[in-house]
Amino acid sequence: MSEPATESTADEQPPGRTRRRDLLRGLAAAGAAAGFAGAAGLAAGRATADDERRAAATPEDDADTVAQAAGRPDAVDAMGAHQAGIARPDTPQPHGLLLVLDLAAAPSPTAPFRDAVRALCARLGTAILDLTGERAAEAGLLDGPGDLTVTVGLGPRVIAAFGAGLPGAEPLPAFARDTAVPPERTGGDLLIAVYASDPNDVHRAASWLSERAAPDAVPRWSQRGFRAPGTGTIARNPLGFHDGVIVPQDAAEQDEHVWIADGPLAGGSICVVRRLRLDVAGFTAEPVERQEAVIGRQRNDGSPLSGGGPTGEVDLLAKTPDGQYVTPARSHVRAAHPSVTGSALMLRRGYAFDDGASDAGLLFVCFQRDLRTFVQTQFRLDEVDDLGEYVTPTGSATFLVLPGFDAGRPLGVTLP
Ligand code: HEM
């Protein structure tokens, strides 16, 4: 197994890239699988079946396993100041599953409830270390964990039981187009997000983890997702445009925008998940120039309409000779730009989904240190984003992603 992937460092800024912080300061001076994965069932009886298989294994079988394992992607360290699956690996794995569950006991600020949540988090952390370490085969990852990561979050009701003023205690408000979001795909108490290159591993790991560590939790909703090949957070989204370009890039920017800086949940982050059905047929039927005007970047390589390379910043002030904005007034990148929304940067790490019957789109996943970053941006998009015509929200939730953990520091240990 090769070296674990690590979080990017301040020295890894892509060459030629303007530091976003500096740019924001300048601008400020100038004036935004369908269905539940079936947690039940897979884990039951697995240990016995695996024991029998191991007993019957021949040296040739071992050689096959070694050969399979050799082609596996690099492992990603589950331990650290922050959980995996947010900023590491640098390039999100191609397959993901968000499993949202409700706790069996209604959240309350009582000591027994809070103790039970701490115990649940500790069990999940131990199970994650097992799964991504020596005991991967027990969970059905017979060739080792590969690049599997698991990220655990707690919903607002649960965090509020620990303190109404804690980050993550506040639910999402209703947004303009949220009328199509069914109650069963709204919110939830526990997020288990699993990502890997191997889609089977994603399913097996989610089932094993929830059975092993959260057997009493009740599945609320789930969504499988997949990503096009890409570099770092950038990959083409279901509309065919480069997505994930403008995000906090290095450790310094992530410290500033993504990780909660102080208090008991320091090192955690606020995750927002939006299941956004897209009218891909309607959007792609538009002439390319119109598609580019809606997004505000070029379709071929993601370059801003205002000029610069594929990873360049949009210039919101650039105008045509006849005085029109080069980045159209109602384009998505202008509407979402932090200088317009007055918010900080968010780390967008979305996936595509396709559940058939025209139910396909973007599983939008973002991380920030303050929920207001997402909320202010979405309110602004509700007002002026031409992309909104093609988007129907069908799922919505926020979670406090717990700070990182290791063998001696259980997941959730700092919950007050
Ligand atoms: C269906 C939904 C969406 C699609 C297809 C989409 C697509 C895109 C694309 C293609 C870009 C330009 C490249 C980039 O910087 O990554 C972009 C930028 C961005 N999007 Fe979205 N997006 C969607 C929803 C959202 C939502 C819900 C939010 C947050 C509320 C959001 C926030 C942003 C931000 C902050 C930027 C960067 C703007 C900048 O600073 O230049 N997007 N999006």
# chains A, B, ... in the order shown; residues from 1 in each chain; ligands from 1
>>> residues_around(residues="Phe226 in chain A", least_positions_apart="3", cutoff="10 Å", atoms="only C-alpha atoms", output="list in words")
Ala33, Pro92, Gln93, Pro94, His95, Gly96, Leu97, Tyr195, Ala196, Ser197, Pro199, Pro229, Asn237, Gly350, Tyr351, Ala352, Phe353, Asp354, Leu362 and Leu363 of chain A
>>> residues_around(residues="Thr186 in chain A", least_positions_apart="4", cutoff="7 Å", atoms="only C-alpha atoms", output="PyMOL selection string")
chain A and resi 181-182+395-397
>>> write_last_selection(atoms="N, CA and C atoms", output="PDB file, in the first residue's frame")
ATOM      1  N   VAL A 181     -39.375  19.538  -2.138  1.00  0.00           N
ATOM      2  CA  VAL A 181     -38.561  18.670  -1.277  1.00  0.00           C
ATOM      3  C   VAL A 181     -39.497  17.908  -0.340  1.00  0.00           C
ATOM      4  N   PRO A 182     -39.562  16.581  -0.447  1.00  0.00           N
ATOM      5  CA  PRO A 182     -40.476  15.840   0.431  1.00  0.00           C
ATOM      6  C   PRO A 182     -39.944  15.813   1.863  1.00  0.00           C
ATOM      7  N   GLY A 395     -34.115  17.310  -2.126  1.00  0.00           N
ATOM      8  CA  GLY A 395     -33.570  16.820  -0.860  1.00  0.00           C
ATOM      9  C   GLY A 395     -32.760  17.939  -0.244  1.00  0.00           C
ATOM     10  N   SER A 396     -32.749  18.037   1.092  1.00  0.00           N
ATOM     11  CA  SER A 396     -32.074  19.175   1.713  1.00  0.00           C
ATOM     12  C   SER A 396     -31.751  18.853   3.169  1.00  0.00           C
ATOM     13  N   ALA A 397     -30.504  19.064   3.558  1.00  0.00           N
ATOM     14  CA  ALA A 397     -30.122  18.777   4.949  1.00  0.00           C
ATOM     15  C   ALA A 397     -28.808  19.463   5.290  1.00  0.00           C
TER      16      ALA A 397
END
>>> select_by_dssp(residues="range 103-349 of chain A", states="strand (DSSP E)", output="MDAnalysis selection string")
chainID A and resid 149:154 190:196 218:226 230:231 234:236 242:243 269:278 347:348
>>> residues_near_ligand(ligand="ligand 1", cutoff="6 Å", atoms="only C-alpha atoms and all ligand atoms", output="MDAnalysis selection string")
chainID A and resid 241:246 276 295 314 333 336:338 362 374 377:378 391
>>> write_last_selection(atoms="C-alpha atoms", output="compact mmCIF listing (two decimals), in the first residue's frame")
# COMPACT_ATOMS: atom_id res chain seq x y z
CA PHE A 241 -19.60 22.30 -17.26
CA HIS A 242 -16.48 22.25 -15.13
CA ASP A 243 -17.63 22.40 -11.51
CA GLY A 244 -15.69 22.81 -8.27
CA VAL A 245 -13.28 25.39 -9.70
CA ILE A 246 -13.53 28.16 -7.13
CA LEU A 276 -30.94 19.05 -7.01
CA ILE A 295 -23.21 29.67 -15.97
CA VAL A 314 -14.30 35.60 -12.91
CA VAL A 333 -21.11 32.54 -11.02
CA ALA A 336 -22.96 32.85 -6.22
CA HIS A 337 -19.84 35.00 -5.97
CA PRO A 338 -18.84 35.73 -2.36
CA LEU A 362 -26.48 17.20 -8.88
CA PHE A 374 -24.40 28.56 2.27
CA THR A 377 -25.50 32.26 -1.19
CA GLN A 378 -28.68 30.25 -1.70
CA VAL A 391 -33.09 23.17 -10.96
>>> select_by_dssp(residues="range 164-378 of chain A", states="helix (DSSP H, G or I)", output="PyMOL selection string")
chain A and resi 178-180+183-185+199-213+251-257+280-284+288-295+332-335+338-341+371-378
>>> residues_around(residues="Arg114 in chain A", least_positions_apart="3", cutoff="9 Å", atoms="only C-alpha atoms", output="number ranges by chain")
A: 107-111, 117-119, 158, 161-162, 415-416
>>> closest_residue(among="A:Gly153, A:Gly225, A:Pro248, A:Gly404", to="Val272 in chain A", atoms="only C-alpha atoms")
A:Gly153
>>> residues_around(residues="Leu402 in chain A", least_positions_apart="2", cutoff="7 Å", atoms="only C-alpha atoms", output="list of chain:residue names")
A:Val152, A:Gly153, A:Leu265, A:Gly268, A:Ser269, A:Leu400, A:Gly404, A:Gly412
>>> atom_distance(atom1="CA of Tyr390 in chain A", atom2="CA of Gly240 in chain A")
13.6 Å
